[in-house]
$ cat start-v4.txt   # compact mmCIF, C-alpha atoms
# COMPACT_ATOMS: atom_id res chain seq x y z
CA MET L 66 100.03 111.28 -20.95
CA LYS L 67 103.77 111.42 -21.59
CA SER L 68 104.52 110.43 -17.99
CA THR L 69 102.13 107.46 -18.28
CA VAL L 70 103.82 106.18 -21.44
CA THR L 71 107.23 106.64 -19.84
CA ALA L 72 106.12 104.66 -16.78
CA VAL L 73 104.77 101.81 -18.93
CA LEU L 74 108.00 101.66 -20.93
CA ALA L 75 110.04 101.64 -17.74
CA LEU L 76 108.03 98.72 -16.38
CA ALA L 77 108.39 96.81 -19.64
CA LEU L 78 112.16 97.34 -19.69
CA ALA L 79 112.41 96.27 -16.05
CA ALA L 80 110.53 93.07 -16.84
CA LEU L 81 112.84 92.33 -19.78
CA ALA L 82 115.90 92.91 -17.62
CA ALA L 83 114.54 90.66 -14.88
CA ALA L 84 113.80 87.75 -17.25
CA PRO L 85 117.42 86.60 -17.72
CA LEU L 86 117.98 86.84 -13.96
CA ALA L 87 114.91 84.71 -13.28
CA ARG L 88 116.07 82.15 -15.85
CA ALA L 89 119.55 82.08 -14.31
CA GLY L 90 118.03 81.52 -10.86
CA MET L 91 115.90 78.66 -12.16
CA ASP L 92 118.88 77.05 -13.90
CA ASP L 93 120.90 77.21 -10.68
CA ASP L 94 118.07 75.67 -8.65
CA VAL L 95 117.52 72.90 -11.19
CA ARG L 96 121.25 72.13 -11.36
CA GLN L 97 121.31 71.82 -7.58
CA LEU L 98 118.43 69.33 -7.66
CA GLN L 99 120.25 67.43 -10.40
CA ARG L 100 123.51 67.29 -8.42
CA GLU L 101 121.79 66.13 -5.23
CA TRP L 102 119.87 63.43 -7.15
CA GLU L 103 123.11 62.16 -8.67
CA GLU L 104 124.79 62.02 -5.27
CA ILE L 105 121.91 59.97 -3.84
CA LYS L 106 121.60 57.62 -6.80
CA TYR L 107 125.25 56.93 -7.43
CA ARG L 108 126.98 57.47 -4.08
CA LYS L 109 124.56 56.72 -1.25
CA PRO L 110 124.04 53.12 -0.07
CA ALA L 111 120.70 51.67 -1.13
CA THR L 112 119.59 51.53 2.52
CA GLU L 113 119.86 55.32 2.81
CA GLN L 114 118.30 56.31 -0.48
CA GLU L 115 114.62 56.25 0.44
CA LYS L 116 114.93 58.89 3.15
CA ALA L 117 117.30 60.97 1.04
CA TYR L 118 114.91 60.97 -1.92
CA GLU L 119 112.02 61.81 0.37
CA ALA L 120 113.86 64.90 1.65
CA LEU L 121 114.95 65.92 -1.84
CA SER L 122 111.39 65.58 -3.13
CA GLN L 123 110.35 68.24 -0.62
CA THR L 124 113.03 70.59 -1.93
CA ALA L 125 112.05 69.82 -5.52
CA GLY L 126 108.42 70.56 -4.68
CA ALA L 127 109.40 74.02 -3.48
CA VAL L 128 111.42 74.66 -6.65
CA ARG L 129 108.58 73.61 -8.95
CA THR L 130 106.23 75.95 -7.05
CA LYS L 131 108.73 78.79 -7.39
CA TYR L 132 108.89 78.33 -11.17
CA ALA L 133 105.38 77.06 -11.85
CA ASP L 134 105.44 78.10 -15.52
CA ARG L 135 108.65 76.21 -16.37
CA ALA L 136 108.97 72.60 -17.48
CA GLU L 137 112.51 71.99 -16.21
CA PRO L 138 111.73 72.04 -12.45
CA GLU L 139 108.63 69.95 -13.12
CA ILE L 140 110.74 67.33 -14.91
CA TRP L 141 113.20 67.11 -12.07
CA TYR L 142 110.41 66.91 -9.53
CA GLY L 143 109.02 63.97 -11.51
CA ILE L 144 112.42 62.27 -11.74
CA ILE L 145 113.09 62.67 -8.03
CA VAL L 146 109.64 61.45 -6.95
CA ALA L 147 109.92 58.49 -9.35
CA SER L 148 113.30 57.65 -7.80
CA TYR L 149 111.74 57.93 -4.34
CA ALA L 150 109.06 55.47 -5.45
CA GLY L 151 111.70 53.06 -6.73
CA ALA L 152 113.65 53.22 -3.47
CA LYS L 153 110.49 52.78 -1.40
CA GLY L 154 109.16 49.84 -3.42
CA GLY L 155 105.99 47.83 -2.91
CA LEU L 156 102.40 48.98 -3.29
CA GLY L 157 103.14 51.94 -1.05
CA ALA L 158 105.22 53.42 -3.86
CA LEU L 159 102.35 53.46 -6.35
CA SER L 160 100.98 56.81 -5.22
CA LEU L 161 104.45 58.30 -5.64
CA ALA L 162 104.73 56.84 -9.13
CA LYS L 163 101.37 58.43 -10.00
CA GLU L 164 102.56 61.77 -8.63
CA ALA L 165 105.69 61.54 -10.78
CA LYS L 166 103.57 60.67 -13.81
CA HIS L 167 101.35 63.72 -13.32
CA ALA L 168 104.39 65.99 -12.95
CA LEU L 169 106.01 64.69 -16.12
CA GLU L 170 102.77 64.99 -18.06
CA HIS L 171 102.45 68.56 -16.83
CA ALA L 172 106.02 69.26 -17.98
CA LEU L 173 105.14 67.96 -21.45
CA ALA L 174 102.13 70.25 -21.55
CA ILE L 175 104.36 73.23 -20.74
CA ASP L 176 107.28 72.43 -23.06
CA PRO L 177 107.76 68.94 -24.57
CA ASN L 178 111.26 69.86 -25.81
CA ALA L 179 112.61 70.91 -22.41
CA LEU L 180 115.86 69.23 -21.35
CA ALA L 181 116.12 67.50 -24.74
CA GLY L 182 112.83 65.66 -24.23
CA SER L 183 113.74 64.23 -20.83
CA ALA L 184 110.09 64.15 -19.76
CA TYR L 185 109.38 61.61 -22.51
CA THR L 186 112.29 59.44 -21.35
CA SER L 187 111.33 59.53 -17.68
CA LEU L 188 107.63 59.01 -18.35
CA GLY L 189 108.39 56.11 -20.69
CA SER L 190 110.51 54.46 -18.01
CA LEU L 191 107.66 54.80 -15.54
CA TYR L 192 105.20 53.16 -17.92
CA TYR L 193 107.28 50.00 -18.29
CA GLN L 194 108.38 49.72 -14.65
CA VAL L 195 105.04 50.30 -12.92
CA PRO L 196 102.63 47.34 -12.79
CA GLY L 197 99.77 47.38 -15.27
CA TRP L 198 96.02 47.40 -14.68
CA PRO L 199 94.33 46.73 -12.26
CA ILE L 200 97.20 47.53 -9.87
CA GLY L 201 98.89 50.42 -11.65
CA PHE L 202 99.08 52.40 -14.89
CA GLY L 203 101.91 50.42 -16.52
CA ASP L 204 101.59 50.04 -20.29
CA ASP L 205 104.34 48.63 -22.52
CA LYS L 206 102.86 50.07 -25.70
CA LYS L 207 102.76 53.54 -24.19
CA ALA L 208 106.29 53.10 -22.86
CA ARG L 209 107.60 52.20 -26.30
CA GLU L 210 105.88 55.21 -27.88
CA LEU L 211 107.27 57.63 -25.29
CA LEU L 212 110.80 56.26 -25.54
CA ALA L 213 110.64 56.46 -29.34
CA THR L 214 109.61 60.11 -29.10
CA ALA L 215 112.44 60.79 -26.65
CA LEU L 216 114.89 59.38 -29.18
CA THR L 217 113.59 61.59 -31.98
CA LEU L 218 114.47 64.59 -29.79
CA ASN L 219 117.76 63.22 -28.46
CA PRO L 220 118.83 60.31 -30.70
CA ASP L 221 122.40 60.12 -29.40
CA GLY L 222 121.63 60.73 -25.72
CA ILE L 223 122.88 58.29 -23.11
CA ASP L 224 119.64 58.26 -21.10
CA PRO L 225 116.99 57.62 -23.81
CA ASN L 226 119.15 54.88 -25.35
CA TYR L 227 119.80 53.30 -21.96
CA PHE L 228 116.13 53.20 -21.03
CA LEU L 229 115.17 51.83 -24.43
CA GLY L 230 117.80 49.13 -23.94
CA ASP L 231 116.48 48.32 -20.48
CA PHE L 232 112.91 48.15 -21.80
CA LEU L 233 113.87 45.84 -24.67
CA TYR L 234 115.90 43.64 -22.33
CA ARG L 235 112.87 43.19 -20.08
CA LYS L 236 110.81 42.27 -23.15
CA GLY L 237 113.36 39.63 -24.18
CA ASP L 238 114.63 41.50 -27.25
CA TYR L 239 118.31 41.06 -26.47
CA VAL L 240 119.57 42.10 -29.91
CA GLY L 241 117.57 45.32 -29.85
CA ALA L 242 118.61 45.97 -26.26
CA ARG L 243 122.30 45.48 -27.09
CA ASN L 244 122.06 47.86 -30.03
CA ALA L 245 120.42 50.55 -27.91
CA LEU L 246 122.98 50.12 -25.12
CA ASP L 247 125.87 50.28 -27.58
CA ARG L 248 124.49 53.60 -28.82
CA ALA L 249 124.22 54.79 -25.23
CA LEU L 250 127.89 53.99 -24.62
CA LYS L 251 128.83 56.10 -27.65
CA ALA L 252 127.05 59.16 -26.26
CA ALA L 253 129.23 62.23 -25.91
CA PRO L 254 130.26 63.01 -22.32
CA ARG L 255 128.25 65.70 -20.58
CA PRO L 256 130.81 68.14 -19.11
CA ASP L 257 128.41 69.30 -16.41
CA ARG L 258 127.33 65.76 -15.39
CA PRO L 259 130.43 63.56 -14.93
CA LEU L 260 128.96 61.63 -12.00
CA ALA L 261 125.74 60.86 -13.88
CA ASP L 262 127.69 59.72 -16.94
CA GLU L 263 129.95 57.50 -14.84
CA GLY L 264 127.01 55.93 -13.01
CA ARG L 265 124.92 55.42 -16.13
CA ARG L 266 127.82 53.81 -18.01
CA LYS L 267 128.26 51.38 -15.14
CA GLU L 268 124.55 50.51 -15.34
CA ILE L 269 124.89 49.98 -19.09
CA GLN L 270 127.85 47.64 -18.65
CA GLU L 271 125.97 45.66 -16.00
CA LEU L 272 122.97 45.29 -18.30
CA LEU L 273 125.17 44.24 -21.22
CA ALA L 274 126.68 41.56 -18.97
CA LYS L 275 123.17 40.25 -18.22
CA ILE L 276 122.42 40.16 -21.94
CA ARG L 277 125.61 38.17 -22.59
CA ASP L 278 124.57 35.69 -19.91
CA LYS L 279 121.10 35.33 -21.46
CA SER L 280 122.53 34.92 -24.94
CA SER L 281 125.18 32.31 -24.04

$ encode --input "start-v4.txt" --output "C-alpha cells"
Amino acid sequence: MKSTVTAVLALALAALAAAPLARAGMDDDVRQLQREWEEIKYRKPATEQEKAYEALSQTAGAVRTKYADRAEPEIWYGIIVASYAGAKGGLGALSLAKEAKHALEHALAIDPNALAGSAYTSLGSLYYQVPGWPIGFGDDKKARELLATALTLNPDGIDPNYFLGDFLYRKGDYVGARNALDRALKAAPRPDRPLADEGRRKEIQELLAKIRDKSS
C-alpha cells in the first residue's frame, strides 16, 4: 500500500514539474509563429505573402495540434490563416476566412482572456472585412460587439484600437475612427514586438492620412 501511494505521489510531482516546461515550450513555439508572421506582413513584398502565409499556416497547424488544450496557439493559427485569406483574396479566400473564424471561436471557448483578448480583436476584424450573407459571414453588428469586448480586456492596446479605428473609418465615422487611432498611437511599446509596433504605427498613420483627406 505504501509503495502504491509513493508511486502516485511521484507521478503527481513529475506532472507538476513538467507543466512549467510544457508552458515554456508552448510560449517559444507561439513566439516563433508571431515573429514569422511579423516578418511576412511587414517585410515581405505583397507578391510573396500568399505563399509565405500558406507555408506558415501549415506550421501553425502543427503547433495548435501539439497544444490542443491551449488558446494561444489557436489564436495565432486563426490570425495566420486570416492573413493568408487576405493575401489570397477573392472568393477562393472565403473558406480560409471560415477556418480562421472557427479557430478563433475555439480559442474563445478555451480561454477568452488569452493574449489580452486577442481572439476578440481578430474575430471582430474578420466579421467586418468578410462579405455578408449570402456570400460570407460578415456582420457589422457582430464586429462592433467583438471589438468592444476586446477593448474592455485591453483598453490601451494598439491592436484593438487600430481595428476599431479601421472599422469606424469604413463605416464613415471619421471622428470616432480618429479618436480610436489616436488612442492606438498612445499605446505603450511592446518590448518583445518592435517590428509589429513599427508596422502597425505606419498603418495607423496611413489611415489617419486617409481620414484627413476625407475630412478636408

$ closest_residue --input "start-v4.txt" --among "L:Leu273, L:Leu246, L:Ala136, L:Ile223" --to "L:Arg258" --atoms "all atoms listed in the file"
L:Ile223

$ residues_around --input "start-v4.txt" --residues "stretch 177-180 of chain L" --least-positions-apart "3" --cutoff "10 Å" --atoms "all atoms listed in the file" --output "ChimeraX atom specification"
/L:135-137,140-141,169-174,183-185,215,218-219

$ closest_residue --input "start-v4.txt" --among "L:Pro225, L:Gly143, L:Gly197, L:Gly157" --to "L:Arg265" --atoms "only C-alpha atoms"
L:Pro225

$ residues_near_point --input "start-v4.txt" --point "(100.8, 57.7, -13.4)" --cutoff "9 Å" --atoms "only C-alpha atoms" --output "list of chain:residue names"
L:Leu159, L:Ser160, L:Leu161, L:Ala162, L:Lys163, L:Glu164, L:Ala165, L:Lys166, L:His167, L:Glu170, L:Leu188, L:Leu191, L:Tyr192, L:Val195, L:Gly201, L:Phe202, L:Gly203

$ atom_distance --input "start-v4.txt" --atom1 "atom CA of L:Ala261" --atom2 "atom CA of L:Gln114"
16.0 Å

$ atom_distance --input "start-v4.txt" --atom1 "atom CA of L:Leu233" --atom2 "atom CA of L:Lys279"
13.2 Å
